[in-house]
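Colleague: Structure supplied as target.pdb; contents: PDB, C-alpha atoms.
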```pdb
ATOM      1  CA  MET N   1     -24.424  80.349  56.988  1.00  0.00           C
ATOM      2  CA  GLY N   2     -23.194  83.500  58.609  1.00  0.00           C
ATOM      3  CA  LYS N   3     -21.585  86.361  56.790  1.00  0.00           C
ATOM      4  CA  PHE N   4     -17.993  87.204  57.354  1.00  0.00           C
ATOM      5  CA  ASN N   5     -16.517  90.622  57.131  1.00  0.00           C
ATOM      6  CA  GLY N   6     -13.409  91.017  55.126  1.00  0.00           C
ATOM      7  CA  ASP N   7     -11.422  92.525  58.029  1.00  0.00           C
ATOM      8  CA  GLY N   8     -12.419  89.803  60.558  1.00  0.00           C
ATOM      9  CA  LYS N   9     -13.980  92.168  63.163  1.00  0.00           C
ATOM     10  CA  ARG N  10     -17.383  91.443  64.614  1.00  0.00           C
ATOM     11  CA  GLU N  11     -19.865  94.173  65.511  1.00  0.00           C
ATOM     12  CA  MET N  12     -21.336  94.341  69.014  1.00  0.00           C
ATOM     13  CA  PRO N  13     -25.102  93.658  68.962  1.00  0.00           C
ATOM     14  CA  GLU N  14     -27.399  96.379  70.350  1.00  0.00           C
ATOM     15  CA  LEU N  15     -28.642  96.100  73.922  1.00  0.00           C
ATOM     16  CA  ASN N  16     -32.273  94.984  74.138  1.00  0.00           C
ATOM     17  CA  THR N  17     -34.132  97.518  76.297  1.00  0.00           C
ATOM     18  CA  SER N  18     -37.651  96.267  75.729  1.00  0.00           C
ATOM     19  CA  SER N  19     -38.013  94.973  79.321  1.00  0.00           C
ATOM     20  CA  LEU N  20     -36.584  98.131  80.920  1.00  0.00           C
ATOM     21  CA  PRO N  21     -39.992  99.821  81.561  1.00  0.00           C
ATOM     22  CA  ASP N  22     -41.188  96.671  83.351  1.00  0.00           C
ATOM     23  CA  LEU N  23     -38.140  96.717  85.611  1.00  0.00           C
ATOM     24  CA  VAL N  24     -38.533 100.421  86.389  1.00  0.00           C
ATOM     25  CA  PHE N  25     -42.232  99.926  87.202  1.00  0.00           C
ATOM     26  CA  ALA N  26     -41.478  96.939  89.469  1.00  0.00           C
ATOM     27  CA  PHE N  27     -38.782  98.926  91.297  1.00  0.00           C
ATOM     28  CA  LEU N  28     -41.102 101.930  91.714  1.00  0.00           C
ATOM     29  CA  PHE N  29     -43.890  99.692  93.013  1.00  0.00           C
ATOM     30  CA  PHE N  30     -41.485  98.100  95.530  1.00  0.00           C
ATOM     31  CA  ILE N  31     -40.350 101.514  96.814  1.00  0.00           C
ATOM     32  CA  MET N  32     -43.952 102.709  97.153  1.00  0.00           C
ATOM     33  CA  MET N  33     -44.913  99.639  99.180  1.00  0.00           C
ATOM     34  CA  VAL N  34     -41.943  99.748 101.547  1.00  0.00           C
ATOM     35  CA  THR N  35     -41.742 103.450 102.374  1.00  0.00           C
ATOM     36  CA  THR N  36     -43.940 105.221 104.846  1.00  0.00           C
ATOM     37  CA  MET N  37     -44.651 108.908 104.770  1.00  0.00           C
ATOM     38  CA  ARG N  38     -44.715 111.013 107.899  1.00  0.00           C
ATOM     39  CA  GLU N  39     -48.296 112.090 108.353  1.00  0.00           C
ATOM     40  CA  VAL N  40     -47.785 114.779 110.976  1.00  0.00           C
ATOM     41  CA  THR N  41     -45.479 117.790 110.900  1.00  0.00           C
ATOM     42  CA  LEU N  42     -44.128 118.096 114.416  1.00  0.00           C
ATOM     43  CA  LYS N  43     -44.482 121.513 116.006  1.00  0.00           C
ATOM     44  CA  VAL N  44     -43.420 120.474 119.510  1.00  0.00           C
ATOM     45  CA  ARG N  45     -40.108 119.107 120.647  1.00  0.00           C
ATOM     46  CA  PHE N  46     -40.146 116.027 122.792  1.00  0.00           C
ATOM     47  CA  ARG N  47     -37.455 113.781 124.165  1.00  0.00           C
ATOM     48  CA  THR N  48     -39.131 110.561 125.179  1.00  0.00           C
ATOM     49  CA  PRO N  49     -38.372 109.299 128.675  1.00  0.00           C
ATOM     50  CA  GLU N  50     -36.350 106.137 129.221  1.00  0.00           C
ATOM     51  CA  ALA N  51     -37.930 102.885 130.340  1.00  0.00           C
ATOM     52  CA  THR N  52     -36.843  99.323 130.992  1.00  0.00           C
ATOM     53  CA  GLU N  53     -40.075  97.397 130.347  1.00  0.00           C
ATOM     54  CA  LEU N  54     -41.237  98.222 126.829  1.00  0.00           C
ATOM     55  CA  GLN N  55     -43.798  96.599 124.597  1.00  0.00           C
ATOM     56  CA  LYS N  56     -44.283  97.257 120.886  1.00  0.00           C
ATOM     57  CA  LEU N  57     -47.697  98.264 119.645  1.00  0.00           C
ATOM     58  CA  GLU N  58     -49.183  95.586 117.424  1.00  0.00           C
ATOM     59  CA  LYS N  59     -51.361  97.375 114.882  1.00  0.00           C
ATOM     60  CA  LYS N  60     -50.038 100.828 114.038  1.00  0.00           C
ATOM     61  CA  SER N  61     -53.178 101.659 112.064  1.00  0.00           C
ATOM     62  CA  LEU N  62     -55.166 101.627 115.324  1.00  0.00           C
ATOM     63  CA  VAL N  63     -52.814 104.045 117.100  1.00  0.00           C
ATOM     64  CA  THR N  64     -53.613 107.740 117.492  1.00  0.00           C
ATOM     65  CA  PHE N  65     -50.823 110.010 118.691  1.00  0.00           C
ATOM     66  CA  ILE N  66     -50.893 112.982 121.042  1.00  0.00           C
ATOM     67  CA  TYR N  67     -47.624 114.946 121.185  1.00  0.00           C
ATOM     68  CA  VAL N  68     -46.764 116.958 124.292  1.00  0.00           C
ATOM     69  CA  GLY N  69     -43.759 119.245 124.627  1.00  0.00           C
ATOM     70  CA  GLN N  70     -42.327 122.700 124.139  1.00  0.00           C
ATOM     71  CA  PRO N  71     -42.901 124.331 120.750  1.00  0.00           C
ATOM     72  CA  LEU N  72     -40.014 124.180 118.287  1.00  0.00           C
ATOM     73  CA  PRO N  73     -37.919 127.371 118.064  1.00  0.00           C
ATOM     74  CA  GLU N  74     -39.641 128.547 114.869  1.00  0.00           C
ATOM     75  CA  TYR N  75     -43.046 128.419 116.633  1.00  0.00           C
ATOM     76  CA  GLN N  76     -41.985 129.860 120.009  1.00  0.00           C
ATOM     77  CA  ALA N  77     -42.419 133.476 118.900  1.00  0.00           C
ATOM     78  CA  LYS N  78     -46.091 132.774 118.177  1.00  0.00           C
ATOM     79  CA  MET N  79     -46.916 130.264 120.948  1.00  0.00           C
ATOM     80  CA  GLY N  80     -44.407 130.958 123.691  1.00  0.00           C
ATOM     81  CA  SER N  81     -42.181 128.374 125.345  1.00  0.00           C
ATOM     82  CA  GLU N  82     -44.764 126.717 127.603  1.00  0.00           C
ATOM     83  CA  THR N  83     -45.611 123.050 127.152  1.00  0.00           C
ATOM     84  CA  ARG N  84     -48.176 122.530 124.384  1.00  0.00           C
ATOM     85  CA  ILE N  85     -50.347 119.682 123.099  1.00  0.00           C
ATOM     86  CA  GLN N  86     -50.274 118.797 119.408  1.00  0.00           C
ATOM     87  CA  LEU N  87     -53.120 116.863 117.784  1.00  0.00           C
ATOM     88  CA  ASN N  88     -52.318 116.010 114.149  1.00  0.00           C
ATOM     89  CA  ASP N  89     -50.789 119.201 112.703  1.00  0.00           C
ATOM     90  CA  GLU N  90     -52.477 121.620 115.095  1.00  0.00           C
ATOM     91  CA  ILE N  91     -51.488 122.952 118.503  1.00  0.00           C
ATOM     92  CA  SER N  92     -54.553 122.388 120.677  1.00  0.00           C
ATOM     93  CA  ASP N  93     -55.911 122.655 124.180  1.00  0.00           C
ATOM     94  CA  VAL N  94     -57.041 119.850 126.464  1.00  0.00           C
ATOM     95  CA  ASP N  95     -60.680 120.792 125.686  1.00  0.00           C
ATOM     96  CA  GLU N  96     -60.213 119.763 122.035  1.00  0.00           C
ATOM     97  CA  ILE N  97     -59.060 116.213 122.795  1.00  0.00           C
ATOM     98  CA  GLN N  98     -62.592 114.767 122.968  1.00  0.00           C
ATOM     99  CA  ASP N  99     -63.455 116.097 119.501  1.00  0.00           C
ATOM    100  CA  TYR N 100     -60.130 114.826 118.163  1.00  0.00           C
ATOM    101  CA  ILE N 101     -60.750 111.311 119.523  1.00  0.00           C
ATOM    102  CA  ALA N 102     -64.303 111.296 118.124  1.00  0.00           C
ATOM    103  CA  GLN N 103     -62.959 112.334 114.722  1.00  0.00           C
ATOM    104  CA  GLU N 104     -60.248 109.641 114.784  1.00  0.00           C
ATOM    105  CA  LYS N 105     -62.773 106.959 115.780  1.00  0.00           C
ATOM    106  CA  SER N 106     -65.136 107.996 112.995  1.00  0.00           C
ATOM    107  CA  SER N 107     -62.331 107.693 110.426  1.00  0.00           C
ATOM    108  CA  MET N 108     -61.713 104.053 111.455  1.00  0.00           C
ATOM    109  CA  LYS N 109     -63.718 101.008 110.525  1.00  0.00           C
ATOM    110  CA  GLU N 110     -66.618 100.488 112.898  1.00  0.00           C
ATOM    111  CA  ASP N 111     -65.346  97.135 114.167  1.00  0.00           C
ATOM    112  CA  GLU N 112     -61.805  98.497 114.786  1.00  0.00           C
ATOM    113  CA  ALA N 113     -62.789 101.660 116.701  1.00  0.00           C
ATOM    114  CA  PRO N 114     -63.072  99.917 120.119  1.00  0.00           C
ATOM    115  CA  PHE N 115     -59.467  98.731 119.758  1.00  0.00           C
ATOM    116  CA  MET N 116     -58.032 102.207 119.170  1.00  0.00           C
ATOM    117  CA  THR N 117     -54.950 102.982 121.255  1.00  0.00           C
ATOM    118  CA  VAL N 118     -53.966 106.539 122.129  1.00  0.00           C
ATOM    119  CA  SER N 119     -50.201 106.928 122.374  1.00  0.00           C
ATOM    120  CA  ILE N 120     -48.957 109.911 124.334  1.00  0.00           C
ATOM    121  CA  LYS N 121     -45.566 111.041 123.084  1.00  0.00           C
ATOM    122  CA  GLY N 122     -44.566 113.396 125.844  1.00  0.00           C
ATOM    123  CA  ASP N 123     -41.333 115.158 126.632  1.00  0.00           C
ATOM    124  CA  SER N 124     -39.499 113.777 129.641  1.00  0.00           C
ATOM    125  CA  ASP N 125     -39.630 117.249 131.266  1.00  0.00           C
ATOM    126  CA  THR N 126     -43.416 117.594 130.892  1.00  0.00           C
ATOM    127  CA  LYS N 127     -45.257 118.244 134.142  1.00  0.00           C
ATOM    128  CA  MET N 128     -47.518 115.419 135.282  1.00  0.00           C
ATOM    129  CA  GLY N 129     -50.462 117.830 135.634  1.00  0.00           C
ATOM    130  CA  ILE N 130     -50.715 118.185 131.841  1.00  0.00           C
ATOM    131  CA  ILE N 131     -50.526 114.411 131.372  1.00  0.00           C
ATOM    132  CA  SER N 132     -53.266 113.970 134.010  1.00  0.00           C
ATOM    133  CA  ASP N 133     -55.450 116.516 132.216  1.00  0.00           C
ATOM    134  CA  ILE N 134     -54.947 114.634 128.938  1.00  0.00           C
ATOM    135  CA  LYS N 135     -55.798 111.323 130.613  1.00  0.00           C
ATOM    136  CA  GLN N 136     -58.973 112.817 132.095  1.00  0.00           C
ATOM    137  CA  ALA N 137     -60.047 114.146 128.681  1.00  0.00           C
ATOM    138  CA  LEU N 138     -59.364 110.706 127.178  1.00  0.00           C
ATOM    139  CA  ARG N 139     -61.522 109.074 129.866  1.00  0.00           C
ATOM    140  CA  GLU N 140     -64.374 111.439 129.032  1.00  0.00           C
ATOM    141  CA  ALA N 141     -63.972 110.546 125.339  1.00  0.00           C
ATOM    142  CA  TYR N 142     -64.060 106.802 126.213  1.00  0.00           C
ATOM    143  CA  ALA N 143     -60.525 106.296 124.882  1.00  0.00           C
ATOM    144  CA  LEU N 144     -59.410 104.023 127.685  1.00  0.00           C
ATOM    145  CA  LYS N 145     -56.498 102.233 126.018  1.00  0.00           C
ATOM    146  CA  ILE N 146     -53.503 104.529 126.558  1.00  0.00           C
ATOM    147  CA  SER N 147     -49.860 103.946 125.723  1.00  0.00           C
ATOM    148  CA  TYR N 148     -46.867 106.062 126.698  1.00  0.00           C
ATOM    149  CA  SER N 149     -43.998 106.276 124.224  1.00  0.00           C
ATOM    150  CA  ALA N 150     -40.536 105.751 125.669  1.00  0.00           C
ATOM    151  CA  ARG N 151     -37.065 104.779 124.537  1.00  0.00           C
ATOM    152  CA  SER N 152     -35.272 101.763 125.827  1.00  0.00           C
ATOM    153  CA  THR N 153     -32.499 101.882 128.384  1.00  0.00           C
ATOM    154  CA  ASN N 154     -29.795  99.335 127.804  1.00  0.00           C
ATOM    155  CA  ALA N 155     -29.472  98.569 131.518  1.00  0.00           C
ATOM    156  CA  LYS N 156     -30.888  95.197 132.477  1.00  0.00           C
ATOM    157  CA  ALA N 157     -33.364  95.043 135.343  1.00  0.00           C
ATOM    158  CA  GLU N 158     -32.282  92.960 138.267  1.00  0.00           C
TER     159      GLU N 158
END
```
Once you've parsed the file, please lay out its structure as structure tokens.
Modeller:
Amino acid sequence: MGKFNGDGKREMPELNTSSLPDLVFAFLFFIMMVTTMREVTLKVRFRTPEATELQKLEKKSLVTFIYVGQPLPEYQAKMGSETRIQLNDEISDVDEIQDYIAQEKSSMKEDEAPFMTVSIKGDSDTKMGIISDIKQALREAYALKISYSARSTNAKAE
């Protein structure tokens, strides 16, 4: 039988916190799996051009990015305001693209390297001469699958 207090009040039982570390670990694991970290610190500013016919890239792990645009204001004193090419975290020249592609291919699995896609994220005001130079360097590096990043226009094609 239970004990009764003389005044008739019951005490509140303590909260069981023994499963709390399991819940915190499960929540932390969920957050780690869902979030993605930005791998590249952008040093160039680009406003992607608009397009009507867009297609999403299937496997993001096979995509290598080349950023083209004017340097951000904090880098303009050092690099000027001309259009620049950014490979990973470094401002580079067109001559360095072949080495960059070779390095990216070597970091992939051997069977996935032929399916690598190079995505050019260029500013809409970038001159076509720079894009042509990049494409030529990609041809010489045997990176023939090229994608151009763009944002969608909401106008429907007729």
Colleague: Quick one: apply the PyMOL selection byres ((chain N and resi 76-88) around 8) to the file and drop the selected residues here as an MDAnalysis selection string.
Modeller: chainID N and resid 40:44 65:75 89:94 97 100 126
Colleague: Starting from the shown file, work through the PyMOL selection byres ((chain N and resi 142) around 12) and note down what comes out as JSON, numbers by chain.
Modeller: {"N": [97, 98, 99, 101, 102, 105, 113, 114, 115, 116, 117, 118, 135, 136, 137, 138, 139, 140, 141, 143, 144, 145, 146]}
Colleague: Mind working out the centre and edge lengths of an axis-aligned box for stretch 97-102 of chain N, all listed atoms inside, 8 Å added to each side, rounded to one decimal in Å and written as AutoDock Vina command-line options?
Modeller:
```
--center_x -61.7 --center_y 113.8 --center_z 120.5 --size_x 21.2 --size_y 20.9 --size_z 20.8
```
Colleague: My list of candidates is N:Ile31, N:Ala51, N:Ile120, N:Leu62. Which is closest to N:Ala150 when distances are computed with all atoms listed in the file?
Modeller: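 The answer is N:Ala51, which sits nearest to N:Ala150.
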Colleague: Calculated over only C-alpha atoms, which of the candidates N:Val24, N:Ser152, N:Ser147, N:Leu15 has the smallest distance to N:Ile131?
Modeller: N:Ser147
Colleague: With all atoms listed in the file as the atoms that count, which of N:Glu96, N:Glu112, N:Glu50, N:Glu14 lies nearest to N:Ser124?
Modeller: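 Closest candidate: N:Glu50.
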Colleague: Which distance in Å separates atom CA of N:Thr64 and atom CA of N:Tyr148, to one decimal?
Modeller: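 Interatomic distance here is 11.5 Å.
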Colleague: Between N:Glu53, N:Met12, N:Phe46, N:Leu23, which residue has the minimum interatomic distance to N:Thr153, considering all atoms listed in the file?
Modeller: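 Among the listed residues, the smallest separation from N:Thr153 belongs to N:Glu53.
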